[in-house]
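Printed here is structure_11.txt (compact mmCIF, C-alpha atoms):
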# COMPACT_ATOMS: atom_id res chain seq x y z
CA MET X 1 -54.79 -43.64 63.38
CA GLU X 2 -52.73 -45.11 60.56
CA ARG X 3 -52.97 -43.12 57.31
CA HIS X 4 -53.49 -45.17 54.14
CA GLN X 5 -53.53 -43.95 50.55
CA LEU X 6 -55.10 -45.99 47.78
CA ILE X 7 -53.75 -44.98 44.37
CA THR X 8 -55.01 -45.86 40.91
CA VAL X 9 -51.83 -46.11 38.86
CA GLY X 10 -51.36 -44.85 35.29
CA LYS X 11 -48.38 -44.29 33.02
CA ASP X 12 -47.59 -40.84 34.49
CA LEU X 13 -46.11 -40.77 37.97
CA GLU X 14 -46.05 -37.05 38.79
CA THR X 15 -49.46 -36.86 40.48
CA THR X 16 -48.93 -40.23 42.17
CA TYR X 17 -45.68 -39.03 43.72
CA LEU X 18 -47.15 -35.61 44.59
CA GLY X 19 -50.08 -37.26 46.37
CA ILE X 20 -47.67 -39.26 48.53
CA LYS X 21 -45.58 -36.15 49.34
CA GLU X 22 -48.64 -34.00 50.03
CA PHE X 23 -50.56 -36.35 52.35
CA ARG X 24 -47.68 -38.33 53.93
CA PRO X 25 -49.36 -41.74 54.28
CA ASP X 26 -48.04 -44.53 56.46
CA VAL X 27 -49.20 -47.12 53.94
CA ILE X 28 -49.86 -46.94 50.20
CA HIS X 29 -51.90 -49.33 48.08
CA LEU X 30 -51.00 -49.23 44.38
CA VAL X 31 -53.87 -50.45 42.23
CA ALA X 32 -52.20 -51.08 38.87
CA THR X 33 -52.65 -53.02 35.65
CA LYS X 34 -50.24 -55.46 34.04
CA GLU X 35 -49.24 -52.61 31.68
CA THR X 36 -48.27 -50.27 34.53
CA SER X 37 -47.01 -52.81 37.05
CA GLY X 38 -43.38 -52.12 37.90
CA THR X 39 -43.25 -48.74 36.13
CA TYR X 40 -43.20 -47.10 39.56
CA CYS X 41 -40.15 -48.97 40.90
CA HIS X 42 -37.97 -45.85 40.60
CA MET X 43 -40.62 -43.73 42.32
CA LEU X 44 -40.64 -46.08 45.29
CA ARG X 45 -36.94 -45.37 45.81
CA LEU X 46 -37.80 -41.69 46.30
CA ILE X 47 -40.30 -42.17 49.11
CA SER X 48 -39.55 -42.91 52.75
CA PRO X 49 -38.57 -46.55 53.43
CA LYS X 50 -40.88 -46.38 56.45
CA ILE X 51 -43.92 -46.32 54.15
CA LYS X 52 -45.41 -49.76 53.65
CA VAL X 53 -46.26 -50.55 50.02
CA TYR X 54 -48.87 -53.00 48.74
CA GLU X 55 -49.44 -53.70 45.05
CA TYR X 56 -52.55 -55.09 43.33
CA LEU X 57 -53.24 -55.95 39.68
CA VAL X 58 -56.61 -55.32 38.08
CA GLY X 59 -58.02 -55.16 34.57
CA PRO X 60 -58.04 -51.53 33.40
CA TYR X 61 -61.75 -51.73 32.46
CA ASP X 62 -62.94 -54.46 34.83
CA VAL X 63 -65.32 -52.51 37.08
CA GLU X 64 -66.27 -55.46 39.28
CA GLU X 65 -62.66 -56.49 39.88
CA ILE X 66 -61.53 -52.95 40.67
CA MET X 67 -64.38 -52.47 43.15
CA ARG X 68 -63.74 -55.86 44.71
CA VAL X 69 -60.02 -55.16 45.24
CA CYS X 70 -60.67 -51.71 46.73
CA GLY X 71 -63.37 -53.12 49.00
CA GLU X 72 -61.07 -55.90 50.24
CA ILE X 73 -58.38 -53.34 51.02
CA GLN X 74 -60.86 -51.33 53.09
CA GLU X 75 -62.07 -54.41 54.97
CA LYS X 76 -58.52 -55.55 55.69
CA PHE X 77 -57.70 -52.26 57.41
CA PRO X 78 -60.97 -51.25 59.13
CA ASP X 79 -59.34 -48.86 61.60
CA ALA X 80 -57.26 -46.93 59.04
CA GLU X 81 -57.94 -43.47 57.63
CA PHE X 82 -58.01 -43.69 53.84
CA ILE X 83 -57.45 -41.17 51.05
CA TYR X 84 -57.99 -42.28 47.45
CA ASN X 85 -55.75 -40.63 44.83
CA LEU X 86 -57.70 -41.00 41.59
CA SER X 87 -55.50 -38.74 39.44
CA GLU X 88 -54.14 -41.54 37.23
CA GLY X 89 -55.25 -44.82 35.70
CA THR X 90 -58.14 -45.30 33.32
CA LYS X 91 -61.37 -43.37 33.84
CA ILE X 92 -63.07 -46.66 34.68
CA MET X 93 -60.48 -47.32 37.42
CA ALA X 94 -61.09 -43.88 38.90
CA MET X 95 -64.89 -44.23 38.74
CA ALA X 96 -64.90 -47.71 40.27
CA ALA X 97 -62.44 -46.84 43.04
CA GLY X 98 -64.29 -43.58 43.68
CA LYS X 99 -67.56 -45.48 44.16
CA VAL X 100 -65.90 -47.66 46.82
CA ALA X 101 -64.47 -44.57 48.52
CA ALA X 102 -67.96 -43.06 48.68
CA GLU X 103 -69.46 -46.29 50.08
CA PHE X 104 -66.91 -46.29 52.90
CA ASN X 105 -67.21 -42.51 53.36
CA GLU X 106 -63.53 -41.98 52.51
CA ARG X 107 -62.00 -38.89 50.93
CA ALA X 108 -60.97 -39.12 47.28
CA ILE X 109 -58.75 -36.51 45.66
CA TYR X 110 -57.70 -35.51 42.16
CA ILE X 111 -54.47 -33.59 41.50
CA THR X 112 -54.69 -31.08 38.65
CA GLN X 113 -52.07 -29.95 36.14
CA ASP X 114 -52.02 -26.42 37.56
CA GLY X 115 -50.84 -27.31 41.06
CA TYR X 116 -54.07 -27.99 43.01
CA TRP X 117 -55.83 -30.96 44.52
CA ILE X 118 -59.62 -31.32 44.42
CA ASP X 119 -61.49 -32.94 47.31
CA THR X 120 -64.47 -35.02 46.18
CA PHE X 121 -66.21 -34.38 49.51
CA ASN X 122 -66.87 -30.75 48.57
CA TYR X 123 -64.96 -30.26 45.28
CA HIS X 124 -62.92 -27.48 46.87
CA ARG X 125 -59.60 -26.66 45.15
CA THR X 126 -56.56 -26.49 47.43
CA ARG X 127 -53.09 -25.44 46.27
CA LEU X 128 -50.46 -28.14 46.71
CA GLU X 129 -47.89 -27.37 49.39
CA HIS X 130 -45.30 -29.64 47.81
CA GLY X 131 -43.71 -29.82 44.40
CA ILE X 132 -41.26 -32.02 42.53
CA SER X 133 -37.65 -30.91 42.22
CA ASN X 134 -35.73 -31.27 38.96
CA ASN X 135 -33.67 -34.04 40.51
CA GLU X 136 -36.82 -35.88 41.60
CA TYR X 137 -38.32 -35.51 38.14
CA ILE X 138 -35.28 -37.10 36.55
CA ARG X 139 -35.10 -39.94 39.07
CA LEU X 140 -38.86 -40.57 38.94
CA TYR X 141 -38.46 -42.41 35.65
CA GLY X 142 -35.07 -43.95 36.41
CA ASN X 143 -32.88 -41.37 34.65
CA SER X 144 -29.89 -39.40 35.85
CA VAL X 145 -28.13 -36.15 34.97
CA ARG X 146 -24.44 -36.02 34.13
CA ASP X 147 -24.03 -32.23 34.21
CA PHE X 148 -25.98 -28.95 34.13
CA GLU X 149 -25.68 -25.25 34.92
CA ASP X 150 -28.10 -23.64 37.38
CA VAL X 151 -29.49 -20.58 35.58
CA ARG X 152 -29.88 -18.75 38.88
CA LYS X 153 -26.11 -18.90 39.24
CA MET X 154 -25.21 -17.79 35.72
CA ASN X 155 -22.29 -15.40 35.65
CA GLU X 156 -23.44 -11.83 34.95
CA LEU X 157 -20.47 -11.30 32.65
CA ASP X 158 -21.53 -14.32 30.58
CA VAL X 159 -25.09 -12.99 30.27
CA ASN X 160 -23.94 -9.51 29.26
CA THR X 161 -21.50 -11.01 26.76
CA ALA X 162 -24.30 -13.10 25.21
CA TYR X 163 -26.33 -9.94 24.51
CA TYR X 164 -23.15 -8.27 23.20
CA VAL X 165 -22.63 -11.20 20.80
CA LYS X 166 -26.23 -10.93 19.59
CA LYS X 167 -25.77 -7.25 18.76
CA PHE X 168 -22.45 -7.94 17.02
CA ILE X 169 -23.94 -10.69 14.83
CA GLU X 170 -26.90 -8.53 13.83
CA ARG X 171 -24.61 -5.65 12.82
CA ASN X 172 -21.74 -7.62 11.28
CA LEU X 173 -23.13 -10.88 9.91
CA GLU X 174 -20.50 -11.44 7.17
CA ILE X 175 -17.59 -10.79 9.51
CA TYR X 176 -19.22 -13.07 12.09
CA ASN X 177 -19.47 -15.88 9.51
CA GLN X 178 -15.79 -15.43 8.59
CA ALA X 179 -14.78 -15.48 12.26
CA LYS X 180 -16.91 -18.57 12.94
CA ARG X 181 -15.30 -20.48 10.06
CA TRP X 182 -11.87 -19.48 11.38
CA TYR X 183 -12.67 -20.60 14.92
CA ARG X 184 -14.16 -23.93 13.92
CA SER X 185 -11.10 -24.74 11.82
CA LEU X 186 -8.86 -24.58 14.90
CA PRO X 187 -7.64 -27.74 16.62
CA GLU X 188 -9.07 -29.03 19.89
CA SER X 189 -8.48 -27.21 23.20
CA LYS X 190 -8.59 -23.90 21.34
CA SER X 191 -10.22 -22.04 24.24
CA CYS X 192 -7.20 -22.66 26.46
CA ARG X 193 -4.62 -21.12 24.12
CA ARG X 194 -3.87 -17.85 22.38
CA TYR X 195 -4.76 -17.48 18.70
CA GLU X 196 -4.83 -14.65 16.23
CA ALA X 197 -5.61 -14.42 12.54
CA ARG X 198 -6.52 -12.07 9.71
CA LEU X 199 -9.99 -12.55 8.24
CA PRO X 200 -10.76 -12.20 4.49
CA SER X 201 -12.47 -8.88 5.24
CA GLY X 202 -9.20 -7.46 6.56
CA TYR X 203 -10.31 -7.53 10.18
CA PHE X 204 -8.09 -9.21 12.75
CA ILE X 205 -9.31 -11.64 15.37
CA GLU X 206 -7.53 -12.44 18.62
CA SER X 207 -8.43 -14.94 21.31
CA ASP X 208 -6.61 -15.65 24.56
CA SER X 209 -8.05 -18.35 26.85
CA GLY X 210 -11.53 -17.77 25.48
CA THR X 211 -11.51 -13.96 25.38
CA LEU X 212 -12.20 -12.36 22.02
CA THR X 213 -11.31 -9.20 20.10
CA ILE X 214 -12.23 -8.39 16.47
CA PHE X 215 -10.70 -5.19 15.10
CA LYS X 216 -9.05 -3.38 12.18
CA GLY X 217 -6.81 -0.50 13.07
CA LEU X 218 -8.75 1.76 15.42
CA SER X 219 -12.07 0.16 14.43
CA VAL X 220 -13.03 -2.35 17.13
CA LEU X 221 -16.14 -4.40 16.36
CA PHE X 222 -16.01 -6.71 19.36
CA ASP X 223 -13.88 -6.75 22.49
CA SER X 224 -14.69 -8.94 25.48
CA ALA X 225 -12.57 -10.16 28.40
CA CYS X 226 -15.16 -12.87 29.16
CA ARG X 227 -13.37 -16.21 28.96
CA ARG X 228 -16.48 -17.80 27.43
CA SER X 229 -16.66 -15.31 24.56
CA CYS X 230 -15.57 -17.79 21.89
CA GLU X 231 -17.88 -20.49 23.21
CA LEU X 232 -20.80 -18.06 23.35
CA MET X 233 -20.25 -16.60 19.90
CA PHE X 234 -19.09 -19.51 17.80
CA LEU X 235 -20.85 -22.50 19.39
CA GLY X 236 -24.30 -20.88 19.53
CA ARG X 237 -24.29 -20.63 23.32
CA TRP X 238 -25.18 -16.92 23.16
CA TRP X 239 -28.76 -17.74 22.18
CA GLU X 240 -29.10 -20.38 24.93
CA VAL X 241 -27.92 -17.90 27.56
CA ILE X 242 -30.24 -15.14 26.33
CA VAL X 243 -33.25 -17.47 26.28
CA ALA X 244 -32.31 -18.74 29.75
CA ASP X 245 -32.08 -15.15 31.00
CA VAL X 246 -35.50 -14.25 29.56
CA VAL X 247 -37.12 -17.44 30.91
CA SER X 248 -35.61 -16.77 34.33
CA GLY X 249 -37.05 -13.26 34.32
CA TRP X 250 -40.43 -14.64 33.26
CA LYS X 251 -40.47 -17.18 36.10
CA LYS X 252 -39.65 -14.49 38.69
CA THR X 253 -43.03 -12.88 37.93
CA LYS X 254 -44.89 -16.08 38.90
CA PRO X 255 -46.36 -16.72 42.39
CA GLU X 256 -44.38 -19.96 42.77
CA SER X 257 -41.11 -18.45 41.53
CA GLY X 258 -39.33 -19.06 44.83
CA LYS X 259 -39.46 -22.82 44.19
CA THR X 260 -38.50 -22.62 40.54
CA GLU X 261 -35.51 -24.53 39.20
CA ILE X 262 -34.11 -23.72 35.76
CA TRP X 263 -31.20 -25.74 34.44
CA ARG X 264 -29.20 -24.93 31.32
CA ASP X 265 -27.10 -27.19 29.12
CA VAL X 266 -28.48 -30.33 30.77
CA ILE X 267 -26.62 -33.53 29.87
CA PHE X 268 -28.39 -36.78 30.69
CA ASN X 269 -26.37 -39.81 31.68
CA ASP X 270 -26.44 -43.34 30.35
CA VAL X 271 -25.94 -45.11 33.68
CA ASP X 272 -25.05 -48.49 32.19
CA LYS X 273 -22.43 -47.13 29.81
CA ASN X 274 -21.40 -44.11 31.92
CA ALA X 275 -21.72 -41.96 28.81
CA VAL X 276 -23.76 -39.06 27.48
CA LYS X 277 -27.27 -40.30 26.62
CA ASN X 278 -29.01 -37.09 25.56
CA GLU X 279 -29.15 -33.39 26.30
CA VAL X 280 -31.47 -30.41 26.37
CA ASP X 281 -30.68 -26.70 26.39
CA LEU X 282 -33.14 -25.67 29.11
CA LEU X 283 -35.06 -27.67 31.68
CA VAL X 284 -37.64 -25.58 33.54
CA ASN X 285 -39.62 -26.75 36.56
CA GLU X 286 -43.08 -25.27 35.98
CA LYS X 287 -45.54 -26.11 38.79
CA GLN X 288 -45.55 -29.94 38.64
CA ARG X 289 -44.40 -30.45 35.07
CA LEU X 290 -41.26 -29.88 33.06
CA LEU X 291 -40.70 -27.50 30.19
CA LEU X 292 -38.01 -28.95 27.92
CA ILE X 293 -36.69 -26.15 25.73
CA GLU X 294 -34.38 -26.48 22.73
CA CYS X 295 -32.72 -23.22 21.65
CA LYS X 296 -31.61 -22.86 18.04
CA SER X 297 -29.74 -19.81 16.73
CA GLY X 298 -29.37 -21.15 13.18
CA GLU X 299 -31.26 -23.35 10.76
CA VAL X 300 -33.51 -25.98 12.30
CA PHE X 301 -33.53 -29.49 10.82
CA SER X 302 -35.90 -32.44 11.17
CA ALA X 303 -33.34 -34.22 13.38
CA ASP X 304 -33.60 -31.36 15.88
CA ILE X 305 -37.37 -31.83 16.10
CA PHE X 306 -37.16 -35.58 16.62
CA LYS X 307 -34.52 -35.02 19.31
CA ILE X 308 -36.88 -32.70 21.21
CA GLN X 309 -39.66 -35.27 20.96
CA SER X 310 -37.37 -38.04 22.23
CA VAL X 311 -36.19 -35.97 25.21
CA ARG X 312 -39.77 -35.16 26.23
CA GLU X 313 -40.92 -38.78 26.03
CA THR X 314 -37.90 -40.06 27.97
CA TYR X 315 -37.50 -37.46 30.70
CA GLY X 316 -40.67 -35.41 30.99
CA GLY X 317 -43.71 -37.65 30.83
CA THR X 318 -46.86 -36.79 28.91
CA VAL X 319 -47.74 -33.74 31.05
CA SER X 320 -44.44 -32.04 30.20
CA LYS X 321 -44.15 -29.55 27.35
CA ALA X 322 -41.51 -29.68 24.62
CA MET X 323 -40.56 -26.32 23.15
CA LEU X 324 -38.42 -25.00 20.34
CA VAL X 325 -37.22 -21.39 20.68
CA SER X 326 -35.63 -20.30 17.42
CA TYR X 327 -33.76 -17.09 16.65
CA MET X 328 -34.42 -17.52 12.92
CA PRO X 329 -37.73 -18.08 11.07
CA LEU X 330 -38.78 -21.69 10.61
CA SER X 331 -39.49 -23.40 7.33
CA GLN X 332 -43.04 -24.57 6.73
CA SER X 333 -41.98 -28.22 6.85
CA ILE X 334 -40.42 -27.74 10.31
CA ILE X 335 -43.53 -25.93 11.54
CA GLU X 336 -45.68 -28.83 10.33
CA LYS X 337 -43.44 -31.38 12.06
CA CYS X 338 -43.65 -29.42 15.32
CA ASN X 339 -47.43 -29.24 15.08
CA ASP X 340 -47.73 -32.94 14.24
CA LEU X 341 -45.56 -33.96 17.21
CA GLY X 342 -47.10 -31.55 19.71
CA ILE X 343 -43.97 -29.43 20.02
CA HIS X 344 -44.61 -25.78 20.83
CA TRP X 345 -42.50 -23.45 18.70
CA PHE X 346 -41.46 -19.83 19.05
CA ALA X 347 -39.84 -18.12 16.08
CA PRO X 348 -39.97 -14.78 14.23
CA LYS X 349 -42.28 -14.58 11.23
CA ASP X 350 -39.48 -13.31 8.97
CA TYR X 351 -35.76 -12.50 8.96
CA ALA X 352 -36.27 -8.81 9.75
CA SER X 353 -38.31 -9.60 12.88
CA ARG X 354 -35.63 -11.72 14.50
CA ILE X 355 -33.87 -8.86 16.31
CA ASN X 356 -36.67 -7.91 18.70
CA HIS X 357 -38.75 -11.07 18.64
CA ILE X 358 -37.23 -12.36 21.91
CA LYS X 359 -39.19 -9.65 23.76
CA GLU X 360 -42.38 -11.58 22.97
CA LEU X 361 -41.15 -14.79 24.61
CA PRO X 362 -42.65 -14.16 28.12
CA GLN X 363 -46.15 -13.60 26.70
CA TRP X 364 -45.82 -16.68 24.50
CA LEU X 365 -44.73 -18.74 27.52
CA ASP X 366 -47.80 -17.56 29.42
CA GLU X 367 -50.05 -18.68 26.58
CA VAL X 368 -48.42 -22.09 26.21
CA THR X 369 -48.22 -22.93 29.93
CA ASP X 370 -51.82 -21.87 30.52
CA LYS X 371 -52.97 -24.58 28.11
CA HIS X 372 -53.72 -27.91 29.74
CA GLU X 373 -53.70 -31.34 28.12
CA LEU X 374 -57.16 -32.92 28.36
Rendering of file as structure tokens:
Amino acid sequence: MERHQLITVGKDLETTYLGIKEFRPDVIHLVATKETSGTYCHMLRLISPKIKVYEYLVGPYDVEEIMRVCGEIQEKFPDAEFIYNLSEGTKIMAMAAGKVAAEFNERAIYITQDGYWIDTFNYHRTRLEHGISNNEYIRLYGNSVRDFEDVRKMNELDVNTAYYVKKFIERNLEIYNQAKRWYRSLPESKSCRRYEARLPSGYFIESDSGTLTIFKGLSVLFDSACRRSCELMFLGRWWEVIVADVVSGWKKTKPESGKTEIWRDVIFNDVDKNAVKNEVDLLVNEKQRLLLIECKSGEVFSADIFKIQSVRETYGGTVSKAMLVSYMPLSQSIIEKCNDLGIHWFAPKDYASRINHIKELPQWLDEVTDKHEL
């Protein structure tokens, strides 16, 4: 018997795509509105070309029209087995289509934000067997990634060096600031050459192909053979790597951790111009939504907040969560902007708390990800 899936289409495509992956129909019927028509063209490129696709336009609140279209679909394919995916579209679309499903004794399902589908025959919750990969998420809305680093493959030396940098900064802030000014005054391609200098404090700094030593006589404040030491310390990458390491550890405690993808330093591509379009520090695949995390080791500005909002709207859809993880306390104006824009923020309450505050990140992530958008 041919398997058909009738789908009420909304602006978010995650549950639509998951329903197709989960139930593997031979034919899909997309019941859309003029506002959502065509928004799923990129999604259709992700499904099997063997699946037949039919599209129908209805008024988002026209009960009679929605019921008529669904009824005509049923009558056109009397020998097919139907499943109705009512996860998206307006509530009126779902109610009207659901009524037709009930009249024809067909199963209707609803896919939840926490990785289950609910059967309207008995309202039993069943965990989804399939998920959406990071690559599928990006392609679902017609975007592409230029570059990224898989957090699972992060070099252990880089991670250890990031924690070493954190400790150095917390113990030697003035010397760190002097060294950072020195490094940022160097010409391009600095990480591929040898440099040395004397800082105003009297300490010497040496770098060879990205390694880093800061010393004065027999007093050595920092000494690392990691070739990303300068990048980690002076370009703020140390905080990104530490947050990535903590998030990775948090995800390993979750039941679905085996399927988890965490990307760091994600650069999105402008396909038309073959140029960098946008970027995000961490992209975490959490059940069937994305966590888009911006990591800031220094002062946070309004432009940073608007960037996070833009990345979420472009690449994550409305079910995704945008997050700011700050090493330093946030100003009240930044906190208000985050709250107004629905951006979840994690930051110490004061300067003295910054050193150990990162230990609270897993619990905070639990609290944020357990909240569902209604």
Using only C-alpha atoms, determine which residues lie at most 7 Å from Asp158 in chain X, disregarding the query and same-chain residues fewer than 3 positions distant; provide the list as a PDB file with C-alpha atoms, in the coordinates of the input.
ATOM      1  CA  ASN X 155     -22.290 -15.400  35.650  1.00  0.00           C
ATOM      2  CA  THR X 161     -21.500 -11.010  26.760  1.00  0.00           C
ATOM      3  CA  ALA X 162     -24.300 -13.100  25.210  1.00  0.00           C
ATOM      4  CA  CYS X 226     -15.160 -12.870  29.160  1.00  0.00           C
ATOM      5  CA  ARG X 228     -16.480 -17.800  27.430  1.00  0.00           C
TER       6      ARG X 228
END
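Computed from the coordinates, the CA of Phe301 in chain X to CA of Asp370 in chain X distance equals 27.9 Å.
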Contact table range 67-134 of chain X vs range 27-45 of chain X, cut-off 12 Å, shortest pair per residue, only C-alpha atoms, as a tab-separated table:
residue	atom	partner	partner_atom	distance
X:Met67	CA	X:Val31	CA	10.7
X:Arg68	CA	X:Val31	CA	11.5
X:Val69	CA	X:Val31	CA	8.3
X:Cys70	CA	X:Val31	CA	8.3
X:Gly71	CA	X:Val31	CA	12.0
X:Glu72	CA	X:His29	CA	11.5
X:Ile73	CA	X:His29	CA	8.2
X:Gln74	CA	X:His29	CA	10.5
X:Lys76	CA	X:His29	CA	11.9
X:Phe77	CA	X:Val27	CA	10.5
X:Ala80	CA	X:Val27	CA	9.5
X:Glu81	CA	X:Val27	CA	10.2
X:Phe82	CA	X:Val27	CA	9.5
X:Ile83	CA	X:Ile28	CA	9.6
X:Tyr84	CA	X:His29	CA	9.3
X:Asn85	CA	X:Leu30	CA	9.8
X:Leu86	CA	X:Val31	CA	10.2
X:Glu88	CA	X:Ala32	CA	9.9
X:Gly89	CA	X:Ala32	CA	7.7
X:Thr90	CA	X:Thr33	CA	9.8
X:Met93	CA	X:Val31	CA	8.8
X:Ala94	CA	X:Val31	CA	10.3
X:Ala96	CA	X:Val31	CA	11.5
X:Ala97	CA	X:Val31	CA	9.3
X:Ile132	CA	X:Met43	CA	11.7
Output for the residues just chosen: C-alpha atoms as a tab-separated table (two decimals), keeping the file's coordinate frame:
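Written out: selection-v3.tsv:
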chain	number	residue	atom	x	y	z
X	67	MET	CA	-64.38	-52.47	43.15
X	68	ARG	CA	-63.74	-55.86	44.71
X	69	VAL	CA	-60.02	-55.16	45.24
X	70	CYS	CA	-60.67	-51.71	46.73
X	71	GLY	CA	-63.37	-53.12	49.00
X	72	GLU	CA	-61.07	-55.90	50.24
X	73	ILE	CA	-58.38	-53.34	51.02
X	74	GLN	CA	-60.86	-51.33	53.09
X	76	LYS	CA	-58.52	-55.55	55.69
X	77	PHE	CA	-57.70	-52.26	57.41
X	80	ALA	CA	-57.26	-46.93	59.04
X	81	GLU	CA	-57.94	-43.47	57.63
X	82	PHE	CA	-58.01	-43.69	53.84
X	83	ILE	CA	-57.45	-41.17	51.05
X	84	TYR	CA	-57.99	-42.28	47.45
X	85	ASN	CA	-55.75	-40.63	44.83
X	86	LEU	CA	-57.70	-41.00	41.59
X	88	GLU	CA	-54.14	-41.54	37.23
X	89	GLY	CA	-55.25	-44.82	35.70
X	90	THR	CA	-58.14	-45.30	33.32
X	93	MET	CA	-60.48	-47.32	37.42
X	94	ALA	CA	-61.09	-43.88	38.90
X	96	ALA	CA	-64.90	-47.71	40.27
X	97	ALA	CA	-62.44	-46.84	43.04
X	132	ILE	CA	-41.26	-32.02	42.53
Contacts of His130 in chain X at 8 Å (only C-alpha atoms; same-chain gap of 2+ positions) as a PyMOL selection string: chain X and resi 18+21-22+128+132
Atom pair CA of Ile109 in chain X / CA of Ile20 in chain X: separation (Å):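 It comes out at 11.8 Å.
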Nearest-residue call for Val280 in chain X, choices X:Arg146, X:His344, X:Arg194, X:Lys254, using only C-alpha atoms: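 Closest to Val280 in chain X of all the choices is X:Arg146.
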So that each row is one residue of range 103-201 of chain X with an atom at most 12 Å from range 320-342 of chain X, can you give its shortest atom pair and the distance in Å to one decimal, using only C-alpha atoms, rows by chain and rising number, as JSON lines?
{"residue": "X:Gln113", "atom": "CA", "partner": "X:Ser320", "partner_atom": "CA", "distance": 9.9}
{"residue": "X:Asp114", "atom": "CA", "partner": "X:Ser320", "partner_atom": "CA", "distance": 12.0}
{"residue": "X:Tyr137", "atom": "CA", "partner": "X:Ser320", "partner_atom": "CA", "distance": 10.6}
{"residue": "X:Lys166", "atom": "CA", "partner": "X:Tyr327", "partner_atom": "CA", "distance": 10.2}
{"residue": "X:Ile169", "atom": "CA", "partner": "X:Tyr327", "partner_atom": "CA", "distance": 11.9}
{"residue": "X:Glu170", "atom": "CA", "partner": "X:Tyr327", "partner_atom": "CA", "distance": 11.3}
Protein, DNA and RNA residues within 12 Å of (-30.0, -16.7, 16.8), all atoms listed in the file, as an MDAnalysis selection string: chainID X and resid 162:163 165:170 173 232:243 295:300 325:330 347:348 351 353:358
Six-sided padding of 8 Å per side, axis-aligned box over range 310-315 of chain X, centre and edges in Å, one decimal, as AutoDock Vina command-line options:
--center_x -38.6 --center_y -37.6 --center_z 26.5 --size_x 20.7 --size_y 20.9 --size_z 24.5
Computed interatomic separation between CA of Met95 in chain X and CA of Val63 in chain X (Å): 8.5 Å
Residue among X:Glu279, X:Gln288, X:Asn122, X:Leu361 lying closest to Gln309 in chain X, counting only C-alpha atoms: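 That would be X:Glu279, the residue with the smallest distance to Gln309 in chain X.
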Which residue of X:Gly98, X:Asp265, X:Ile111, X:Tyr183 approaches Glu231 in chain X most closely, using all atoms listed in the file: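 Looking at the shortest contact to Glu231 in chain X, the residue is X:Tyr183.
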Within-10 Å shell of (-47.4, -24.9, 27.2) in input frame, all atoms listed in the file, as a list in words: Glu286, Leu290, Leu291, Val319, Ser320, Lys321, Ala322, Met323, Ile343, His344, Trp345, Trp364, Leu365, Asp366, Glu367, Val368, Thr369, Asp370, Lys371, His372 and Glu373 of chain X
Take the residues that were just selected and, keeping C-alpha atoms, output them as an mmCIF file, in the coordinates of the input.
data_model
loop_
_atom_site.group_PDB
_atom_site.id
_atom_site.type_symbol
_atom_site.label_atom_id
_atom_site.label_comp_id
_atom_site.auth_asym_id
_atom_site.auth_seq_id
_atom_site.Cartn_x
_atom_site.Cartn_y
_atom_site.Cartn_z
ATOM 1 C CA GLU X 286 -43.080 -25.270 35.980
ATOM 2 C CA LEU X 290 -41.260 -29.880 33.060
ATOM 3 C CA LEU X 291 -40.700 -27.500 30.190
ATOM 4 C CA VAL X 319 -47.740 -33.740 31.050
ATOM 5 C CA SER X 320 -44.440 -32.040 30.200
ATOM 6 C CA LYS X 321 -44.150 -29.550 27.350
ATOM 7 C CA ALA X 322 -41.510 -29.680 24.620
ATOM 8 C CA MET X 323 -40.560 -26.320 23.150
ATOM 9 C CA ILE X 343 -43.970 -29.430 20.020
ATOM 10 C CA HIS X 344 -44.610 -25.780 20.830
ATOM 11 C CA TRP X 345 -42.500 -23.450 18.700
ATOM 12 C CA TRP X 364 -45.820 -16.680 24.500
ATOM 13 C CA LEU X 365 -44.730 -18.740 27.520
ATOM 14 C CA ASP X 366 -47.800 -17.560 29.420
ATOM 15 C CA GLU X 367 -50.050 -18.680 26.580
ATOM 16 C CA VAL X 368 -48.420 -22.090 26.210
ATOM 17 C CA THR X 369 -48.220 -22.930 29.930
ATOM 18 C CA ASP X 370 -51.820 -21.870 30.520
ATOM 19 C CA LYS X 371 -52.970 -24.580 28.110
ATOM 20 C CA HIS X 372 -53.720 -27.910 29.740
ATOM 21 C CA GLU X 373 -53.700 -31.340 28.120
#
